[in-house]
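Shown here: work.csv, CSV, C-alpha atoms.
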chain,number,residue,atom,x,y,z
A,1,MET,CA,14.2,23.6,-4.3
A,2,ASN,CA,11.6,24.0,-1.6
A,3,ALA,CA,10.2,20.8,-0.1
A,4,PRO,CA,6.5,20.3,-0.8
A,5,THR,CA,4.1,21.1,2.0
A,6,GLY,CA,1.0,19.1,2.9
A,7,PRO,CA,0.1,15.6,1.6
A,8,ARG,CA,1.4,14.6,-1.8
A,9,ILE,CA,-0.5,12.4,-4.3
A,10,ALA,CA,1.1,9.4,-5.9
A,11,GLY,CA,0.0,6.2,-7.8
A,12,ALA,CA,0.9,2.6,-7.7
A,13,PRO,CA,1.1,-0.1,-10.4
A,14,ILE,CA,-1.5,-2.3,-8.7
A,15,SER,CA,-4.1,0.1,-9.9
A,16,TRP,CA,-3.2,-1.1,-13.4
A,17,GLY,CA,-3.3,-4.8,-12.2
A,18,VAL,CA,0.4,-5.2,-11.8
A,19,CYS,CA,0.9,-7.4,-8.7
A,20,GLU,CA,3.5,-9.6,-7.1
A,21,VAL,CA,1.1,-12.6,-6.7
A,22,PRO,CA,1.7,-15.3,-9.3
A,23,GLY,CA,-1.3,-15.8,-11.6
A,24,TRP,CA,-2.9,-12.5,-10.4
A,25,GLY,CA,-4.1,-11.6,-13.9
A,26,PHE,CA,-2.9,-10.0,-17.2
A,27,GLN,CA,0.2,-7.9,-16.5
A,28,LEU,CA,0.6,-4.6,-18.4
A,29,ASP,CA,4.0,-3.5,-19.5
A,30,PRO,CA,5.8,-0.8,-17.5
A,31,ASP,CA,5.9,1.8,-20.3
A,32,ARG,CA,2.1,1.8,-20.6
A,33,VAL,CA,1.5,2.0,-16.9
A,34,LEU,CA,4.1,4.8,-16.3
A,35,THR,CA,2.9,6.8,-19.3
A,36,GLU,CA,-0.7,6.6,-18.2
A,37,MET,CA,0.2,7.6,-14.6
A,38,ARG,CA,1.4,10.9,-16.1
A,39,GLU,CA,-1.6,11.2,-18.3
A,40,VAL,CA,-4.0,11.0,-15.4
A,41,GLY,CA,-2.1,13.7,-13.5
A,42,LEU,CA,0.2,11.8,-11.2
A,43,SER,CA,3.9,12.8,-10.8
A,44,ALA,CA,5.1,10.1,-8.4
A,45,THR,CA,4.7,6.4,-7.9
A,46,GLU,CA,5.5,3.4,-5.7
A,47,PHE,CA,7.9,1.0,-7.4
A,48,GLY,CA,5.6,-1.9,-7.9
A,49,PRO,CA,6.6,-5.6,-7.5
A,50,ASP,CA,10.0,-7.1,-8.2
A,51,GLY,CA,10.6,-7.2,-11.9
A,52,PHE,CA,8.3,-4.4,-12.9
A,53,LEU,CA,11.1,-1.8,-12.9
A,54,PRO,CA,14.8,-2.7,-13.5
A,55,ASP,CA,16.5,-4.2,-10.6
A,56,ALA,CA,19.7,-2.1,-10.9
A,57,PRO,CA,19.2,1.0,-8.8
A,58,ALA,CA,20.4,3.5,-11.4
A,59,ALA,CA,18.3,1.9,-14.1
A,60,LYS,CA,15.3,1.9,-11.9
A,61,ALA,CA,15.7,5.6,-11.2
A,62,ALA,CA,16.4,6.4,-14.8
A,63,THR,CA,13.2,4.6,-15.9
A,64,LEU,CA,11.1,6.7,-13.6
A,65,GLU,CA,12.8,9.9,-14.6
A,66,ALA,CA,12.3,9.2,-18.3
A,67,HIS,CA,8.5,9.1,-17.6
A,68,GLY,CA,8.6,12.3,-15.5
A,69,LEU,CA,7.9,10.4,-12.3
A,70,SER,CA,9.5,10.6,-8.9
A,71,ALA,CA,9.8,7.7,-6.5
A,72,VAL,CA,7.8,7.3,-3.3
A,73,GLY,CA,9.2,3.9,-2.2
A,74,GLY,CA,7.6,0.5,-2.4
A,75,PHE,CA,5.4,-2.2,-1.0
A,76,THR,CA,7.6,-5.0,0.3
A,77,PRO,CA,6.2,-8.3,1.7
A,78,THR,CA,8.6,-9.3,4.4
A,79,LEU,CA,8.9,-12.5,6.6
A,80,LEU,CA,8.9,-11.2,10.1
A,81,HIS,CA,7.7,-14.1,12.2
A,82,VAL,CA,9.9,-17.1,11.2
A,83,PRO,CA,12.6,-18.1,13.8
A,84,GLY,CA,16.0,-18.2,12.3
A,85,HIS,CA,15.1,-15.8,9.4
A,86,ASP,CA,16.6,-12.3,9.7
A,87,PRO,CA,14.8,-9.8,7.4
A,88,LEU,CA,17.3,-7.0,7.9
A,89,PRO,CA,19.9,-8.1,5.2
A,90,GLY,CA,17.1,-8.0,2.6
A,91,VAL,CA,16.0,-4.6,3.7
A,92,GLU,CA,19.6,-3.3,3.6
A,93,ALA,CA,20.0,-4.5,0.0
A,94,LEU,CA,16.7,-3.1,-1.0
A,95,LEU,CA,17.4,0.4,0.3
A,96,ALA,CA,20.3,0.8,-2.2
A,97,GLY,CA,17.6,1.3,-4.8
A,98,TYR,CA,15.9,3.9,-2.6
A,99,ASP,CA,19.1,5.9,-2.5
A,100,ALA,CA,19.4,6.1,-6.3
A,101,ALA,CA,15.8,7.1,-6.8
A,102,HIS,CA,15.6,9.4,-3.8
A,103,ALA,CA,12.7,7.4,-2.4
A,104,GLY,CA,11.8,7.8,1.3
A,105,THR,CA,9.1,5.3,2.3
A,106,LEU,CA,9.5,1.6,2.9
A,107,VAL,CA,6.1,-0.1,3.0
A,108,LEU,CA,6.3,-3.4,4.8
A,109,SER,CA,3.7,-6.1,5.0
A,110,ALA,CA,4.0,-9.0,7.4
A,111,ASP,CA,4.3,-11.8,4.8
A,112,SER,CA,2.5,-15.0,5.7
A,113,GLY,CA,5.1,-17.1,3.9
A,114,GLY,CA,2.4,-18.5,1.6
A,115,THR,CA,1.3,-17.5,-1.9
A,116,GLY,CA,-1.3,-14.8,-2.4
A,117,TYR,CA,-3.6,-13.3,0.2
A,118,ASP,CA,-6.4,-15.8,0.5
A,119,SER,CA,-5.3,-17.4,3.8
A,120,ARG,CA,-2.8,-17.1,6.6
A,121,PRO,CA,-1.5,-19.1,9.5
A,122,GLU,CA,-2.1,-18.4,13.2
A,123,LEU,CA,0.6,-16.7,15.1
A,124,ASP,CA,1.5,-17.6,18.7
A,125,GLY,CA,3.0,-15.4,21.4
A,126,ALA,CA,6.6,-16.2,20.4
A,127,GLY,CA,5.8,-15.4,16.8
A,128,TRP,CA,4.3,-12.1,17.7
A,129,ALA,CA,7.3,-11.1,19.9
A,130,LEU,CA,9.6,-11.9,17.0
A,131,LEU,CA,7.5,-10.0,14.5
A,132,LEU,CA,7.3,-6.9,16.7
A,133,SER,CA,11.0,-6.9,17.4
A,134,HIS,CA,11.8,-7.1,13.7
A,135,LEU,CA,9.5,-4.2,12.9
A,136,ASP,CA,11.4,-2.0,15.4
A,137,ARG,CA,14.8,-3.2,14.1
A,138,ILE,CA,13.8,-2.4,10.5
A,139,ALA,CA,12.4,1.0,11.4
A,140,GLU,CA,15.5,2.0,13.3
A,141,TYR,CA,17.8,0.8,10.5
A,142,ALA,CA,15.7,2.5,7.8
A,143,ALA,CA,15.8,5.8,9.7
A,144,THR,CA,19.7,5.7,9.6
A,145,ARG,CA,19.3,5.7,5.8
A,146,GLY,CA,16.8,8.6,5.7
A,147,VAL,CA,13.9,6.3,5.0
A,148,VAL,CA,10.6,6.0,6.9
A,149,ALA,CA,9.5,2.4,7.4
A,150,VAL,CA,5.8,1.8,7.8
A,151,LEU,CA,3.8,-1.4,8.5
A,152,HIS,CA,0.9,-2.0,6.1
A,153,PRO,CA,-2.0,-4.0,7.7
A,154,HIS,CA,-3.0,-6.2,4.8
A,155,VAL,CA,-5.5,-9.0,4.1
A,156,GLY,CA,-3.9,-12.4,4.1
A,157,THR,CA,-0.8,-11.3,6.1
A,158,MET,CA,0.1,-11.7,9.7
A,159,VAL,CA,-1.2,-8.2,10.5
A,160,GLU,CA,-4.8,-8.1,9.1
A,161,THR,CA,-7.5,-7.8,11.8
A,162,GLY,CA,-8.3,-5.1,14.3
A,163,ASP,CA,-6.7,-7.1,17.1
A,164,ASP,CA,-3.5,-7.5,15.0
A,165,VAL,CA,-3.3,-3.8,14.4
A,166,ALA,CA,-3.8,-3.1,18.1
A,167,ARG,CA,-0.9,-5.5,18.9
A,168,VAL,CA,1.4,-3.5,16.5
A,169,LEU,CA,0.3,-0.2,18.0
A,170,GLU,CA,1.0,-1.4,21.6
A,171,GLY,CA,4.0,-3.6,21.0
A,172,SER,CA,6.0,-1.7,18.4
A,173,SER,CA,7.0,1.9,17.7
A,174,ILE,CA,6.8,1.5,13.9
A,175,ALA,CA,4.6,3.9,12.0
A,176,LEU,CA,1.6,2.7,10.0
A,177,CYS,CA,0.6,2.7,6.4
A,178,LEU,CA,-3.1,3.5,6.6
A,179,ASP,CA,-4.6,1.4,3.8
A,180,THR,CA,-8.2,2.3,3.9
A,181,GLY,CA,-9.3,-0.7,1.9
A,182,HIS,CA,-7.4,-3.5,3.6
A,183,LEU,CA,-8.2,-2.1,7.0
A,184,LEU,CA,-12.0,-2.1,6.2
A,185,ILE,CA,-11.9,-5.6,4.8
A,186,GLY,CA,-9.9,-6.8,7.8
A,187,GLY,CA,-12.5,-5.5,10.2
A,188,THR,CA,-11.1,-2.1,11.2
A,189,ASP,CA,-12.8,1.2,10.5
A,190,PRO,CA,-10.0,3.3,8.9
A,191,ALA,CA,-11.5,6.6,10.0
A,192,ALA,CA,-11.8,5.3,13.6
A,193,LEU,CA,-8.2,4.1,13.6
A,194,THR,CA,-7.1,7.5,12.2
A,195,ARG,CA,-8.9,9.2,15.1
A,196,GLN,CA,-7.4,6.8,17.6
A,197,ALA,CA,-3.7,7.1,16.5
A,198,PRO,CA,-3.2,9.9,14.0
A,199,GLU,CA,0.4,10.3,15.2
A,200,ARG,CA,1.2,6.8,14.0
A,201,VAL,CA,0.1,7.4,10.4
A,202,ALA,CA,3.1,8.2,8.2
A,203,HIS,CA,1.8,7.0,4.8
A,204,THR,CA,-1.5,6.2,3.2
A,205,HIS,CA,-2.9,3.9,0.6
A,206,LEU,CA,-6.2,5.4,-0.3
A,207,LYS,CA,-8.7,3.0,-1.9
A,208,ASP,CA,-12.5,2.6,-1.8
A,209,VAL,CA,-14.4,-0.6,-1.2
A,210,ASP,CA,-17.7,-2.2,-2.1
A,211,LEU,CA,-18.7,-3.2,1.5
A,212,GLY,CA,-21.1,-5.9,0.2
A,213,LEU,CA,-18.2,-7.8,-1.5
A,214,ALA,CA,-15.9,-7.1,1.5
A,215,ARG,CA,-18.4,-8.8,3.8
A,216,GLN,CA,-18.4,-11.8,1.6
A,217,VAL,CA,-14.6,-12.0,2.1
A,218,GLN,CA,-15.0,-11.6,5.8
A,219,ASP,CA,-17.5,-14.4,6.1
A,220,GLY,CA,-15.7,-16.8,3.7
A,221,ARG,CA,-18.2,-16.7,0.8
A,222,LEU,CA,-15.5,-15.3,-1.5
A,223,THR,CA,-11.7,-15.4,-1.3
A,224,TYR,CA,-9.9,-12.1,-1.4
A,225,THR,CA,-8.7,-12.7,-4.9
A,226,GLU,CA,-12.2,-13.6,-6.1
A,227,ALA,CA,-13.6,-10.4,-4.6
A,228,VAL,CA,-10.9,-8.2,-6.2
A,229,GLY,CA,-11.7,-9.8,-9.6
A,230,ALA,CA,-15.4,-9.0,-9.0
A,231,GLY,CA,-14.6,-5.3,-8.5
A,232,MET,CA,-14.4,-5.0,-4.7
A,233,TYR,CA,-12.2,-2.0,-5.0
A,234,ARG,CA,-14.0,1.1,-6.4
A,235,PRO,CA,-12.7,4.5,-7.6
A,236,LEU,CA,-12.1,6.7,-4.7
A,237,GLY,CA,-15.3,8.4,-3.6
A,238,GLU,CA,-17.5,5.7,-5.1
A,239,GLY,CA,-17.5,3.1,-2.3
A,240,ASP,CA,-18.2,2.7,1.4
A,241,VAL,CA,-14.9,4.1,3.0
A,242,ASP,CA,-15.3,7.2,5.1
A,243,LEU,CA,-12.7,9.1,3.1
A,244,GLU,CA,-13.7,12.5,4.4
A,245,GLY,CA,-13.3,11.2,8.0
A,246,VAL,CA,-9.8,10.0,7.3
A,247,LEU,CA,-8.7,13.1,5.5
A,248,THR,CA,-10.2,15.5,8.0
A,249,THR,CA,-8.4,13.8,10.9
A,250,LEU,CA,-5.1,13.6,9.2
A,251,ASP,CA,-5.3,17.3,8.1
A,252,ALA,CA,-6.1,18.4,11.6
A,253,HIS,CA,-2.9,16.6,12.8
A,254,GLY,CA,-0.7,18.2,10.1
A,255,TYR,CA,-0.2,15.1,8.0
A,256,ASP,CA,2.3,15.8,5.3
A,257,GLY,CA,3.1,12.3,3.9
A,258,TRP,CA,2.0,10.6,0.7
A,259,HIS,CA,-1.5,9.8,-0.3
A,260,VAL,CA,-0.9,6.8,-2.7
A,261,LEU,CA,-3.9,6.0,-4.8
A,262,GLU,CA,-4.4,2.3,-4.9
A,263,GLN,CA,-7.3,0.5,-6.5
A,264,ASP,CA,-6.3,-3.2,-6.5
A,265,THR,CA,-7.3,-4.5,-9.9
A,266,ILE,CA,-7.2,-7.9,-11.7
A,267,LEU,CA,-7.2,-7.7,-15.5
A,268,HIS,CA,-8.8,-10.7,-17.1
A,269,GLY,CA,-7.1,-10.0,-20.4
A,270,PRO,CA,-5.6,-7.1,-22.4
A,271,PRO,CA,-7.8,-4.1,-21.6
A,272,THR,CA,-9.9,-2.5,-24.3
A,273,GLY,CA,-10.7,1.2,-24.5
A,274,VAL,CA,-9.3,3.4,-21.7
A,275,GLY,CA,-8.6,0.5,-19.4
A,276,PRO,CA,-7.6,0.9,-15.8
A,277,ALA,CA,-6.5,4.5,-16.3
A,278,GLY,CA,-10.2,5.6,-16.4
A,279,ASP,CA,-10.8,4.6,-12.8
A,280,VAL,CA,-7.5,6.0,-11.6
A,281,HIS,CA,-8.3,9.3,-13.3
A,282,THR,CA,-11.7,9.4,-11.4
A,283,SER,CA,-9.8,8.7,-8.1
A,284,VAL,CA,-7.3,11.5,-8.8
A,285,GLN,CA,-10.1,14.0,-9.5
A,286,ASN,CA,-12.1,12.9,-6.5
A,287,LEU,CA,-9.1,13.1,-4.1
A,288,ARG,CA,-8.1,16.5,-5.3
A,289,LYS,CA,-11.7,17.7,-4.7
A,290,ALA,CA,-11.6,16.2,-1.2
A,291,LEU,CA,-8.3,17.9,-0.5
A,292,GLY,CA,-9.6,21.2,-1.8
A,293,ARG,CA,-7.1,21.5,-4.7
Before we go any further, please render this structure as structure tokens.
Amino acid sequence: MNAPTGPRIAGAPISWGVCEVPGWGFQLDPDRVLTEMREVGLSATEFGPDGFLPDAPAAKAATLEAHGLSAVGGFTPTLLHVPGHDPLPGVEALLAGYDAAHAGTLVLSADSGGTGYDSRPELDGAGWALLLSHLDRIAEYAATRGVVAVLHPHVGTMVETGDDVARVLEGSSIALCLDTGHLLIGGTDPAALTRQAPERVAHTHLKDVDLGLARQVQDGRLTYTEAVGAGMYRPLGEGDVDLEGVLTTLDAHGYDGWHVLEQDTILHGPPTGVGPAGDVHTSVQNLRKALGR
């Protein structure tokens, strides 16, 4: 079978409110989420948090196959800055599941060590040196397994702000997951970062953002969780992210990785009517238009 050319479009369970954070909100069952992914026109997905899919690699792969979905990889919060903690054994164990599902992208976030994404500790020089060295070690190991490791700047993690992203670009060779929402909320213009370092972008999480709510997170009027619950993430094309700027730059540099649609959602109870799938369908349609397909 010929390999696909150009960017590929995938989904993620977080758009249905499925999240690794305890108490995040009402959690839909995998069968509904995976079925609705196919119904809105998606053919691939990230794995979602631990426990969403079966842990056993073969069972995980079989569950996706039964729903007509291929595997992209997954978002993996990872402790990278704690002395005496080696993250590599956990990555080695995780990638067994990648082999079975033929997944190729390991999306790392620099876990703060706390719960949720509403705060994070400060990192000193020694902590940064350790974090950056672990990123390179993990990326090198993943490559030996045929997997691309990317670092996901993320609100409430050790890599959140523009200065944090700059330190990763300067001090590590790892590729980036360009998450248009988390970058904007963390103070980085995702279109500007794409123009600055298009060669470092190997994966995207495309989301749109209500900038008014994002600014309330930035100045401390709202926690990140409160803002998500209030609808900070919008369907793609209906917020304040310069999506066209991001896509134009990536296209000009021959980007052929995944575009993962992510609209972080908190469900306050069982959804009525169409539920989260309605917004995801809008995002799929708007992205296809933006990509000219």
Fill in: Best match for closeness to Glu39 of chain A among A:Leu247, A:Ala290, A:Val280, A:Val155, counting all atoms listed in the file
A:Val280
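Closest approach to Gly257 of chain A among A:Leu176, A:Leu108, A:Leu53, A:Val168 is made by A:Leu176 (distances from only C-alpha atoms).
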Worksheet entry | Separation of atom CA of Ala56 of chain A from atom CA of Gly104 of chain A, in Å and rounded to one decimal |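 Rounded to one decimal, the two atoms are 17.6 Å apart.
You can rank A:Gly127, A:Pro87, A:Gly186, A:Gly51 by their closest distance to Gly162 of chain A using all atoms listed in the file, and at the top of that list sits A:Gly186.
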Item to complete: Mind giving me the straight-line distance from atom CA of Glu92 of chain A to atom CA of Thr180 of chain A in Å, one decimal?
Response: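 Those two atoms sit 28.4 Å apart.
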